[in-house]
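Note: the block below is input.cif and it holds mmCIF, C-alpha atoms and all ligand atoms.
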```
data_final
loop_
_atom_site.group_PDB
_atom_site.id
_atom_site.type_symbol
_atom_site.label_atom_id
_atom_site.label_comp_id
_atom_site.auth_asym_id
_atom_site.auth_seq_id
_atom_site.Cartn_x
_atom_site.Cartn_y
_atom_site.Cartn_z
ATOM 1 C CA MET U 1159 -10.101 -30.935 -2.378
ATOM 2 C CA GLU U 1160 -10.354 -27.778 -0.330
ATOM 3 C CA ILE U 1161 -11.719 -28.329 3.178
ATOM 4 C CA ILE U 1162 -13.436 -25.257 4.581
ATOM 5 C CA LYS U 1163 -14.409 -25.147 8.239
ATOM 6 C CA THR U 1164 -15.571 -21.577 8.722
ATOM 7 C CA LEU U 1165 -18.468 -19.556 7.345
ATOM 8 C CA GLU U 1166 -15.994 -16.800 6.479
ATOM 9 C CA GLY U 1167 -13.839 -19.295 4.543
ATOM 10 C CA MET U 1168 -16.901 -20.336 2.568
ATOM 11 C CA LYS U 1169 -17.677 -16.693 1.761
ATOM 12 C CA ILE U 1170 -14.132 -16.198 0.433
ATOM 13 C CA ALA U 1171 -14.450 -19.328 -1.701
ATOM 14 C CA GLN U 1172 -17.736 -17.970 -3.000
ATOM 15 C CA ARG U 1173 -16.141 -14.794 -4.284
ATOM 16 C CA ARG U 1174 -13.510 -16.756 -6.213
ATOM 17 C CA ARG U 1175 -15.937 -18.670 -8.344
ATOM 18 C CA ALA U 1176 -17.849 -15.966 -10.221
ATOM 19 C CA GLY U 1177 -19.764 -17.217 -13.251
ATOM 20 C CA GLN U 1178 -19.442 -20.894 -12.415
ATOM 21 C CA ARG U 1179 -22.355 -23.212 -11.764
ATOM 22 C CA VAL U 1180 -22.173 -24.368 -8.165
ATOM 23 C CA GLY U 1181 -23.844 -27.536 -6.927
ATOM 24 C CA LEU U 1182 -24.393 -28.221 -3.221
ATOM 25 C CA VAL U 1183 -24.922 -31.644 -1.654
ATOM 26 C CA PRO U 1184 -25.914 -31.227 2.014
ATOM 27 C CA THR U 1185 -25.245 -34.319 4.145
ATOM 28 C CA MET U 1186 -24.723 -35.419 7.720
ATOM 29 C CA GLY U 1187 -21.720 -37.526 6.695
ATOM 30 C CA TYR U 1188 -20.908 -41.209 7.105
ATOM 31 C CA LEU U 1189 -21.269 -41.283 3.371
ATOM 32 C CA HIS U 1190 -22.771 -44.168 1.426
ATOM 33 C CA ASP U 1191 -23.775 -44.813 -2.171
ATOM 34 C CA GLY U 1192 -26.983 -42.786 -1.770
ATOM 35 C CA HIS U 1193 -24.966 -39.672 -0.904
ATOM 36 C CA LEU U 1194 -22.421 -40.420 -3.605
ATOM 37 C CA SER U 1195 -25.133 -40.619 -6.288
ATOM 38 C CA LEU U 1196 -26.033 -37.011 -5.423
ATOM 39 C CA VAL U 1197 -22.375 -36.001 -5.517
ATOM 40 C CA GLU U 1198 -21.869 -37.665 -8.894
ATOM 41 C CA LYS U 1199 -24.900 -35.894 -10.330
ATOM 42 C CA SER U 1200 -23.547 -32.574 -9.116
ATOM 43 C CA LEU U 1201 -20.084 -33.318 -10.504
ATOM 44 C CA SER U 1202 -21.523 -34.167 -13.918
ATOM 45 C CA THR U 1203 -23.802 -31.111 -14.149
ATOM 46 C CA CYS U 1204 -21.969 -28.337 -12.272
ATOM 47 C CA ASP U 1205 -18.584 -26.597 -12.540
ATOM 48 C CA ILE U 1206 -17.966 -26.730 -8.802
ATOM 49 C CA THR U 1207 -19.373 -29.218 -6.317
ATOM 50 C CA VAL U 1208 -19.601 -28.346 -2.646
ATOM 51 C CA VAL U 1209 -20.451 -31.163 -0.245
ATOM 52 C CA SER U 1210 -21.349 -30.192 3.292
ATOM 53 C CA ILE U 1211 -21.109 -32.489 6.273
ATOM 54 C CA PHE U 1212 -22.865 -31.221 9.365
ATOM 55 C CA VAL U 1213 -24.732 -33.306 11.931
ATOM 56 C CA ASN U 1214 -27.417 -30.762 12.659
ATOM 57 C CA PRO U 1215 -28.407 -30.850 16.337
ATOM 58 C CA LYS U 1216 -31.552 -28.824 15.646
ATOM 59 C CA GLN U 1217 -33.217 -31.728 13.866
ATOM 60 C CA PHE U 1218 -32.748 -34.246 16.682
ATOM 61 C CA ARG U 1219 -34.975 -34.483 19.735
ATOM 62 C CA PRO U 1220 -33.325 -35.178 23.123
ATOM 63 C CA ASN U 1221 -34.211 -38.902 23.007
ATOM 64 C CA GLU U 1222 -32.872 -39.384 19.471
ATOM 65 C CA ASP U 1223 -29.462 -40.513 18.221
ATOM 66 C CA LEU U 1224 -27.509 -37.227 17.948
ATOM 67 C CA ASP U 1225 -24.777 -38.423 20.309
ATOM 68 C CA THR U 1226 -24.311 -41.755 18.591
ATOM 69 C CA TYR U 1227 -24.781 -40.620 14.983
ATOM 70 C CA PRO U 1228 -22.035 -42.388 12.994
ATOM 71 C CA VAL U 1229 -18.969 -40.346 12.052
ATOM 72 C CA ASP U 1230 -15.960 -41.306 9.921
ATOM 73 C CA LEU U 1231 -14.568 -38.111 8.532
ATOM 74 C CA LYS U 1232 -11.353 -39.666 7.256
ATOM 75 C CA ARG U 1233 -13.270 -42.136 5.131
ATOM 76 C CA ASP U 1234 -15.707 -39.448 3.921
ATOM 77 C CA ILE U 1235 -12.815 -37.183 2.859
ATOM 78 C CA LYS U 1236 -11.176 -40.018 0.903
ATOM 79 C CA LEU U 1237 -14.453 -40.898 -0.872
ATOM 80 C CA LEU U 1238 -15.083 -37.279 -1.874
ATOM 81 C CA GLU U 1239 -11.478 -36.693 -2.913
ATOM 82 C CA ASP U 1240 -11.535 -39.800 -5.102
ATOM 83 C CA LEU U 1241 -14.656 -38.525 -6.852
ATOM 84 C CA GLY U 1242 -13.081 -35.107 -7.519
ATOM 85 C CA VAL U 1243 -15.179 -32.882 -5.269
ATOM 86 C CA ALA U 1244 -13.828 -29.302 -5.171
ATOM 87 C CA ILE U 1245 -14.946 -28.203 -1.710
ATOM 88 C CA LEU U 1246 -15.881 -29.992 1.482
ATOM 89 C CA PHE U 1247 -17.676 -27.644 3.864
ATOM 90 C CA LEU U 1248 -17.503 -28.657 7.519
ATOM 91 C CA PRO U 1249 -19.203 -25.934 9.506
ATOM 92 C CA LYS U 1250 -18.912 -25.967 13.276
ATOM 93 C CA ASN U 1251 -21.899 -26.138 15.550
ATOM 94 C CA ALA U 1252 -20.798 -22.994 17.422
ATOM 95 C CA ASP U 1253 -20.635 -21.050 14.133
ATOM 96 C CA MET U 1254 -23.963 -22.308 12.828
ATOM 97 C CA TYR U 1255 -25.770 -21.749 16.116
ATOM 98 C CA PRO U 1256 -23.844 -19.253 18.228
ATOM 99 C CA GLU U 1257 -25.085 -18.448 21.691
ATOM 100 C CA GLY U 1258 -28.354 -16.559 21.561
ATOM 101 C CA TYR U 1259 -29.410 -18.133 18.280
ATOM 102 C CA GLN U 1260 -33.203 -17.839 17.901
ATOM 103 C CA THR U 1261 -34.331 -17.912 14.265
ATOM 104 C CA TYR U 1262 -36.036 -20.926 12.665
ATOM 105 C CA VAL U 1263 -37.773 -21.780 9.408
ATOM 106 C CA GLN U 1264 -41.154 -23.417 9.772
ATOM 107 C CA VAL U 1265 -42.764 -24.908 6.678
ATOM 108 C CA GLU U 1266 -46.330 -25.541 7.797
ATOM 109 C CA LYS U 1267 -48.966 -28.005 6.537
ATOM 110 C CA ILE U 1268 -46.828 -30.590 4.742
ATOM 111 C CA THR U 1269 -44.680 -31.055 7.840
ATOM 112 C CA GLU U 1270 -47.646 -32.087 9.974
ATOM 113 C CA ARG U 1271 -47.781 -35.624 8.618
ATOM 114 C CA LEU U 1272 -45.570 -38.735 8.286
ATOM 115 C CA CYS U 1273 -42.085 -38.012 9.679
ATOM 116 C CA GLY U 1274 -43.187 -34.547 10.835
ATOM 117 C CA LYS U 1275 -45.879 -36.101 12.994
ATOM 118 C CA SER U 1276 -43.633 -38.685 14.618
ATOM 119 C CA ARG U 1277 -40.608 -36.392 14.922
ATOM 120 C CA PRO U 1278 -41.940 -32.991 16.089
ATOM 121 C CA GLY U 1279 -39.486 -30.213 15.278
ATOM 122 C CA PHE U 1280 -37.540 -32.348 12.814
ATOM 123 C CA PHE U 1281 -38.460 -30.424 9.657
ATOM 124 C CA ARG U 1282 -38.067 -27.094 11.454
ATOM 125 C CA GLY U 1283 -34.470 -28.112 12.138
ATOM 126 C CA VAL U 1284 -33.958 -29.378 8.590
ATOM 127 C CA ALA U 1285 -35.419 -26.291 6.885
ATOM 128 C CA THR U 1286 -33.407 -23.996 9.156
ATOM 129 C CA VAL U 1287 -30.056 -25.672 8.530
ATOM 130 C CA VAL U 1288 -30.662 -26.024 4.799
ATOM 131 C CA LEU U 1289 -31.517 -22.327 4.475
ATOM 132 C CA LYS U 1290 -28.368 -21.460 6.426
ATOM 133 C CA LEU U 1291 -26.298 -23.704 4.154
ATOM 134 C CA PHE U 1292 -27.922 -22.129 1.085
ATOM 135 C CA ASN U 1293 -27.131 -18.628 2.364
ATOM 136 C CA THR U 1294 -23.540 -19.536 3.163
ATOM 137 C CA VAL U 1295 -22.665 -21.564 0.058
ATOM 138 C CA GLN U 1296 -25.009 -19.767 -2.386
ATOM 139 C CA PRO U 1297 -25.330 -22.681 -4.808
ATOM 140 C CA ASP U 1298 -27.130 -22.578 -8.154
ATOM 141 C CA VAL U 1299 -28.507 -26.032 -7.553
ATOM 142 C CA ALA U 1300 -28.817 -28.337 -4.542
ATOM 143 C CA PHE U 1301 -29.260 -32.112 -4.638
ATOM 144 C CA PHE U 1302 -31.477 -34.163 -2.327
ATOM 145 C CA GLY U 1303 -32.488 -37.826 -2.234
ATOM 146 C CA GLU U 1304 -36.004 -39.158 -2.750
ATOM 147 C CA LYS U 1305 -35.384 -41.545 0.125
ATOM 148 C CA ASP U 1306 -36.366 -38.563 2.266
ATOM 149 C CA ARG U 1307 -39.240 -37.608 -0.001
ATOM 150 C CA GLN U 1308 -41.056 -35.483 2.532
ATOM 151 C CA GLN U 1309 -37.823 -33.619 3.283
ATOM 152 C CA LEU U 1310 -37.385 -32.971 -0.439
ATOM 153 C CA ALA U 1311 -40.956 -31.585 -0.602
ATOM 154 C CA VAL U 1312 -40.310 -29.379 2.442
ATOM 155 C CA ILE U 1313 -37.159 -27.923 0.868
ATOM 156 C CA GLN U 1314 -38.963 -27.354 -2.428
ATOM 157 C CA LYS U 1315 -41.780 -25.554 -0.600
ATOM 158 C CA MET U 1316 -39.326 -23.416 1.358
ATOM 159 C CA VAL U 1317 -37.507 -22.439 -1.833
ATOM 160 C CA GLN U 1318 -40.789 -21.557 -3.528
ATOM 161 C CA ASP U 1319 -42.334 -19.706 -0.583
ATOM 162 C CA LEU U 1320 -39.205 -17.719 0.294
ATOM 163 C CA ASN U 1321 -38.374 -16.940 -3.381
ATOM 164 C CA LEU U 1322 -34.930 -18.502 -3.180
ATOM 165 C CA ASP U 1323 -33.085 -18.503 -6.483
ATOM 166 C CA ILE U 1324 -31.886 -22.108 -6.137
ATOM 167 C CA GLN U 1325 -32.824 -25.123 -8.214
ATOM 168 C CA ILE U 1326 -33.684 -28.230 -6.204
ATOM 169 C CA GLU U 1327 -33.024 -31.629 -7.750
ATOM 170 C CA GLY U 1328 -34.405 -34.837 -6.304
ATOM 171 C CA LEU U 1329 -32.643 -38.100 -7.136
ATOM 172 C CA PRO U 1330 -33.847 -41.713 -6.869
ATOM 173 C CA ILE U 1331 -33.367 -43.952 -3.849
ATOM 174 C CA VAL U 1332 -30.141 -45.954 -3.897
ATOM 175 C CA ARG U 1333 -30.331 -49.404 -2.312
ATOM 176 C CA ASP U 1334 -27.740 -51.759 -0.872
ATOM 177 C CA PRO U 1335 -27.393 -55.099 -2.710
ATOM 178 C CA ASP U 1336 -29.955 -56.762 -0.392
ATOM 179 C CA GLY U 1337 -32.576 -54.124 -1.247
ATOM 180 C CA LEU U 1338 -32.398 -52.098 1.959
ATOM 181 C CA ALA U 1339 -32.327 -48.368 1.185
ATOM 182 C CA SER U 1340 -28.781 -47.133 1.847
ATOM 183 C CA SER U 1341 -28.621 -45.131 5.078
ATOM 184 C CA SER U 1342 -25.954 -44.042 7.534
ATOM 185 C CA ARG U 1343 -28.168 -45.557 10.234
ATOM 186 C CA ASN U 1344 -27.913 -49.051 8.684
ATOM 187 C CA LEU U 1345 -24.623 -49.243 10.581
ATOM 188 C CA TYR U 1346 -26.634 -49.674 13.782
ATOM 189 C CA LEU U 1347 -28.238 -52.909 12.541
ATOM 190 C CA SER U 1348 -27.012 -56.273 13.783
ATOM 191 C CA PRO U 1349 -27.023 -59.044 11.133
ATOM 192 C CA GLN U 1350 -30.388 -60.236 12.522
ATOM 193 C CA ALA U 1351 -31.865 -56.746 12.584
ATOM 194 C CA ARG U 1352 -30.672 -56.243 9.038
ATOM 195 C CA GLN U 1353 -32.704 -59.288 7.970
ATOM 196 C CA SER U 1354 -35.755 -57.815 9.724
ATOM 197 C CA ALA U 1355 -35.099 -54.432 8.100
ATOM 198 C CA LEU U 1356 -35.751 -55.968 4.702
ATOM 199 C CA CYS U 1357 -39.471 -55.846 5.661
ATOM 200 C CA LEU U 1358 -39.656 -52.210 4.563
ATOM 201 C CA GLN U 1359 -38.755 -53.043 0.993
ATOM 202 C CA GLU U 1360 -40.884 -56.218 1.095
ATOM 203 C CA ALA U 1361 -43.914 -54.257 2.269
ATOM 204 C CA LEU U 1362 -43.442 -51.685 -0.493
ATOM 205 C CA GLN U 1363 -43.089 -54.397 -3.118
ATOM 206 C CA LEU U 1364 -46.224 -56.146 -1.883
ATOM 207 C CA ALA U 1365 -48.132 -52.852 -2.063
ATOM 208 C CA GLN U 1366 -46.920 -52.271 -5.605
ATOM 209 C CA ARG U 1367 -47.966 -55.769 -6.666
ATOM 210 C CA ARG U 1368 -51.423 -55.465 -5.067
ATOM 211 C CA VAL U 1369 -52.085 -52.103 -6.693
ATOM 212 C CA ALA U 1370 -50.866 -53.419 -10.062
ATOM 213 C CA ALA U 1371 -53.292 -56.326 -9.630
ATOM 214 C CA GLY U 1372 -56.185 -53.891 -9.201
ATOM 215 C CA GLU U 1373 -56.442 -53.176 -5.462
ATOM 216 C CA THR U 1374 -57.670 -49.599 -4.911
ATOM 217 C CA SER U 1375 -58.371 -49.627 -1.164
ATOM 218 C CA ALA U 1376 -55.637 -47.727 0.663
ATOM 219 C CA HIS U 1377 -56.786 -49.278 3.921
ATOM 220 C CA LYS U 1378 -56.274 -52.806 2.587
ATOM 221 C CA ILE U 1379 -52.819 -51.884 1.318
ATOM 222 C CA ARG U 1380 -51.807 -50.381 4.670
ATOM 223 C CA SER U 1381 -53.050 -53.427 6.492
ATOM 224 C CA ALA U 1382 -51.273 -55.870 4.159
ATOM 225 C CA MET U 1383 -48.043 -53.895 4.647
ATOM 226 C CA GLN U 1384 -48.503 -53.965 8.404
ATOM 227 C CA ASP U 1385 -48.828 -57.778 8.255
ATOM 228 C CA VAL U 1386 -45.566 -58.068 6.305
ATOM 229 C CA ILE U 1387 -43.744 -55.933 8.845
ATOM 230 C CA GLU U 1388 -45.167 -57.689 11.878
ATOM 231 C CA ALA U 1389 -44.057 -61.020 10.479
ATOM 232 C CA HIS U 1390 -40.438 -59.895 11.044
ATOM 233 C CA PRO U 1391 -38.953 -60.076 14.536
ATOM 234 C CA ASP U 1392 -38.157 -56.955 16.528
ATOM 235 C CA THR U 1393 -40.081 -54.532 14.315
ATOM 236 C CA ARG U 1394 -42.501 -51.776 15.305
ATOM 237 C CA VAL U 1395 -44.406 -49.675 12.791
ATOM 238 C CA ASP U 1396 -44.090 -45.930 13.252
ATOM 239 C CA TYR U 1397 -46.312 -45.106 10.272
ATOM 240 C CA ILE U 1398 -47.542 -46.613 7.036
ATOM 241 C CA SER U 1399 -48.876 -44.011 4.670
ATOM 242 C CA VAL U 1400 -50.739 -44.246 1.375
ATOM 243 C CA CYS U 1401 -51.059 -40.599 0.447
ATOM 244 C CA ASP U 1402 -50.927 -37.990 -2.279
ATOM 245 C CA PRO U 1403 -47.286 -37.135 -2.994
ATOM 246 C CA LEU U 1404 -47.741 -33.359 -2.864
ATOM 247 C CA GLN U 1405 -49.695 -32.633 0.316
ATOM 248 C CA PHE U 1406 -49.188 -36.024 2.014
ATOM 249 C CA ASN U 1407 -52.921 -36.369 2.734
ATOM 250 C CA GLU U 1408 -53.949 -39.953 3.466
ATOM 251 C CA LEU U 1409 -56.048 -41.517 0.700
ATOM 252 C CA GLU U 1410 -59.011 -43.845 0.869
ATOM 253 C CA VAL U 1411 -58.991 -44.780 -2.787
ATOM 254 C CA ILE U 1412 -55.770 -45.207 -4.737
ATOM 255 C CA GLN U 1413 -55.930 -43.264 -7.960
ATOM 256 C CA GLY U 1414 -53.349 -41.377 -10.027
ATOM 257 C CA LYS U 1415 -49.955 -40.631 -8.486
ATOM 258 C CA THR U 1416 -49.717 -42.113 -5.011
ATOM 259 C CA LEU U 1417 -46.931 -42.158 -2.462
ATOM 260 C CA ILE U 1418 -46.507 -45.196 -0.299
ATOM 261 C CA ALA U 1419 -44.197 -44.382 2.593
ATOM 262 C CA LEU U 1420 -43.323 -46.025 5.855
ATOM 263 C CA ALA U 1421 -41.188 -45.683 8.949
ATOM 264 C CA VAL U 1422 -40.381 -48.745 11.027
ATOM 265 C CA HIS U 1423 -38.384 -49.208 14.189
ATOM 266 C CA VAL U 1424 -36.147 -52.244 13.852
ATOM 267 C CA GLY U 1425 -34.792 -52.801 17.313
ATOM 268 C CA GLN U 1426 -33.551 -49.337 18.348
ATOM 269 C CA THR U 1427 -33.125 -48.110 14.783
ATOM 270 C CA ARG U 1428 -35.789 -46.119 12.955
ATOM 271 C CA LEU U 1429 -35.747 -46.667 9.195
ATOM 272 C CA ILE U 1430 -37.762 -45.043 6.413
ATOM 273 C CA ASP U 1431 -38.501 -45.986 2.813
ATOM 274 C CA ASN U 1432 -41.028 -45.094 0.133
ATOM 275 C CA CYS U 1433 -42.107 -45.555 -3.445
ATOM 276 C CA LEU U 1434 -44.195 -43.595 -5.877
ATOM 277 C CA ILE U 1435 -46.808 -45.461 -7.887
ATOM 278 C CA GLU U 1436 -49.179 -44.356 -10.600
ATOM 279 C CA ARG U 1437 -52.598 -45.886 -11.107
ATOM 280 C CA ILE U 1438 -54.281 -44.676 -14.272
HETATM 281 P P1 LIG U 1501 -28.286 -37.497 5.320
HETATM 282 O O1 LIG U 1501 -26.812 -37.525 5.418
HETATM 283 O O2 LIG U 1501 -28.951 -38.753 5.792
HETATM 284 O O3 LIG U 1501 -28.896 -36.234 5.894
HETATM 285 O O4 LIG U 1501 -28.622 -37.453 3.769
HETATM 286 C C1 LIG U 1501 -28.094 -36.457 2.930
HETATM 287 C C2 LIG U 1501 -28.784 -36.527 1.588
HETATM 288 O O5 LIG U 1501 -28.593 -37.820 1.020
HETATM 289 C C3 LIG U 1501 -30.302 -36.302 1.669
HETATM 290 O O6 LIG U 1501 -30.705 -35.507 0.568
HETATM 291 C C4 LIG U 1501 -30.845 -37.693 1.570
HETATM 292 O O7 LIG U 1501 -32.154 -37.742 1.023
HETATM 293 C C5 LIG U 1501 -29.853 -38.336 0.623
HETATM 294 N N1 LIG U 1501 -29.890 -39.785 0.763
HETATM 295 C C6 LIG U 1501 -29.744 -40.506 1.903
HETATM 296 N N2 LIG U 1501 -29.892 -41.823 1.662
HETATM 297 C C7 LIG U 1501 -30.142 -41.946 0.337
HETATM 298 C C8 LIG U 1501 -30.404 -43.037 -0.528
HETATM 299 N N3 LIG U 1501 -30.419 -44.305 -0.089
HETATM 300 N N4 LIG U 1501 -30.622 -42.800 -1.831
HETATM 301 C C9 LIG U 1501 -30.607 -41.521 -2.293
HETATM 302 N N5 LIG U 1501 -30.375 -40.434 -1.535
HETATM 303 C C10 LIG U 1501 -30.157 -40.634 -0.235
#
```
Structure rendered as structure tokens:
Amino acid sequence: MEIIKTLEGMKIAQRRRAGQRVGLVPTMGYLHDGHLSLVEKSLSTCDITVVSIFVNPKQFRPNEDLDTYPVDLKRDIKLLEDLGVAILFLPKNADMYPEGYQTYVQVEKITERLCGKSRPGFFRGVATVVLKLFNTVQPDVAFFGEKDRQQLAVIQKMVQDLNLDIQIEGLPIVRDPDGLASSSRNLYLSPQARQSALCLQEALQLAQRRVAAGETSAHKIRSAMQDVIEAHPDTRVDYISVCDPLQFNELEVIQGKTLIALAVHVGQTRLIDNCLIERI
């Protein structure tokens, strides 16, 4: 595996690979099975797979976990090498955002809700770094996880609105054996907190069962989910959303394709999860 640490190095690698289908998997590292599912999809559908690891400071607010975000580059390199990844791109902060940097990508309406509402500036940072990665790597296709479904929608909107010639593929949520959605941040959870964290998946499952049994009131679903979460120690709801999966507008009546998404603080750790349901 070639490890490239400069934007110039990436440009040179780009020139070498004319005519080949290039897949990009952008990550912040501390890789887990969710990341690896994206990598495997790229490996099986592209000629060259580029994985980037960059903990993007522009998507963290001052009170968030930028300084403690988990890092284990040695382990990440081994995992990617074992899978057969061609290029690991490790850009440096000073190259991505040199002094005087002042250009940002702002996707509007769909970033005003859910995670965008509770983390102001988050999607501006995400869209900006992803566009920079796209411009540097120039992939044919880029892979993102549905765990961050709003992020996936933001990237898709950016690609559409800015006429980028890149295919965006969203892949299903990968879960740890206990049902918790795989996340680099799960590392922060103590064994007790991990037990509490299972409330996200429990709340989603309850919602799915209630809707399957005929419940159409979004309010009742939100409130039942809230009860599940509050029954677990050390949890605090950030948001529970029952919304349309394209614009993320909250629904009153559940009909057709519906996204159920939530963010919950478990101790100091903020976790997200979601599921898509269809009521015909
Ligand atoms: P991150 O390193 O958290 O920025 O995630 C990098 C990519 O991996 C994003 O596209 C995420 O949506 C995706 N991802 C993270 N966790 C999971 C998961 N449990 N299942 C599927 N994809 C995931």
**Message:** Could you list, as a PyMOL selection string, every residue within 8 Å of segment 1369-1374 of chain U, counting all atoms listed in the file and ignoring same-chain residues fewer than 3 positions away?
**Reply:** chain U and resi 1365-1366+1379+1411-1413+1437
**Request:** For segment 1222-1224 of chain U, please output as a PyMOL selection string all residues within 10 Å (counting only C-alpha atoms; exclusion window: fewer than 6 positions along the same chain).
**Result:** chain U and resi 1213-1216+1277+1343+1426-1428
**Asked** If you apply the PyMOL selection byres (((chain U and resi 1292) around 12) and not hetatm) to this file, what residues do you get, as JSON, numbers by chain?
**Response** {"U": [1165, 1168, 1169, 1172, 1180, 1181, 1182, 1183, 1184, 1208, 1209, 1210, 1247, 1285, 1286, 1287, 1288, 1289, 1290, 1291, 1293, 1294, 1295, 1296, 1297, 1298, 1299, 1300, 1301, 1313, 1316, 1317, 1322, 1323, 1324, 1325, 1326]}
**Test item: residues lying within 8 Å of ligand LIG 1501 (chain U) with only C-alpha atoms and all ligand atoms, as JSON, numbers by chain** = {"U": [1183, 1184, 1185, 1186, 1187, 1188, 1189, 1190, 1191, 1192, 1193, 1195, 1196, 1211, 1213, 1301, 1302, 1303, 1304, 1305, 1306, 1307, 1309, 1310, 1328, 1329, 1330, 1331, 1332, 1333, 1334, 1339, 1340, 1341, 1342]}
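Taking only C-alpha atoms into account, Lys1163 of chain U lies nearest to U:Leu1246 out of the set U:Leu1345, U:Leu1246, U:Leu1364, U:Leu1237.
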**Message:** Env of His1390 of chain U: 12 Å cut, atoms = all atoms listed in the file, seq-sep filter 6 positions within chain, self excluded. Answer as number ranges by chain.
**Reply:** U: 1350-1358, 1360-1361, 1383-1384, 1422-1425
With C-alpha atoms kept, could you save the residues just selected as a PDB file, keeping the file's coordinate frame?
```
ATOM      1  CA  GLN U1350     -30.388 -60.236  12.522  1.00  0.00           C
ATOM      2  CA  ALA U1351     -31.865 -56.746  12.584  1.00  0.00           C
ATOM      3  CA  ARG U1352     -30.672 -56.243   9.038  1.00  0.00           C
ATOM      4  CA  GLN U1353     -32.704 -59.288   7.970  1.00  0.00           C
ATOM      5  CA  SER U1354     -35.755 -57.815   9.724  1.00  0.00           C
ATOM      6  CA  ALA U1355     -35.099 -54.432   8.100  1.00  0.00           C
ATOM      7  CA  LEU U1356     -35.751 -55.968   4.702  1.00  0.00           C
ATOM      8  CA  CYS U1357     -39.471 -55.846   5.661  1.00  0.00           C
ATOM      9  CA  LEU U1358     -39.656 -52.210   4.563  1.00  0.00           C
ATOM     10  CA  GLU U1360     -40.884 -56.218   1.095  1.00  0.00           C
ATOM     11  CA  ALA U1361     -43.914 -54.257   2.269  1.00  0.00           C
ATOM     12  CA  MET U1383     -48.043 -53.895   4.647  1.00  0.00           C
ATOM     13  CA  GLN U1384     -48.503 -53.965   8.404  1.00  0.00           C
ATOM     14  CA  VAL U1422     -40.381 -48.745  11.027  1.00  0.00           C
ATOM     15  CA  HIS U1423     -38.384 -49.208  14.189  1.00  0.00           C
ATOM     16  CA  VAL U1424     -36.147 -52.244  13.852  1.00  0.00           C
ATOM     17  CA  GLY U1425     -34.792 -52.801  17.313  1.00  0.00           C
TER      18      GLY U1425
END
```
**Message:** Which residues would end up in the selection if the PyMOL selection byres (((chain U and resi 1251) around 10) and not hetatm) were applied here, given that I need the answer as a PyMOL selection string?
**Reply:** chain U and resi 1212-1215+1248-1250+1252-1256
**Message:** Please enumerate the residues selected by the PyMOL selection byres (((chain U and resi 1401) around 12) and not hetatm) when evaluated against the supplied file, formatted as number ranges by chain.
**Reply:** U: 1268, 1271-1272, 1308, 1375-1377, 1379-1380, 1397-1400, 1402-1420, 1432-1436
**Prompt:** Could you work out how far atom CA of Val1197 of chain U lies from atom CA of Lys1236 of chain U, giving the answer in Å with one decimal?
**Reply:** 13.5 Å
Size and centre in Å, one decimal, axis-aligned box, all listed segment 1256-1273 of chain U atoms plus 8 Å per side, as lines of an AutoDock Vina configuration file:
```
center_x = -36.4
center_y = -27.6
center_z = 13.2
size_x = 41.1
size_y = 38.2
size_z = 32.9
```
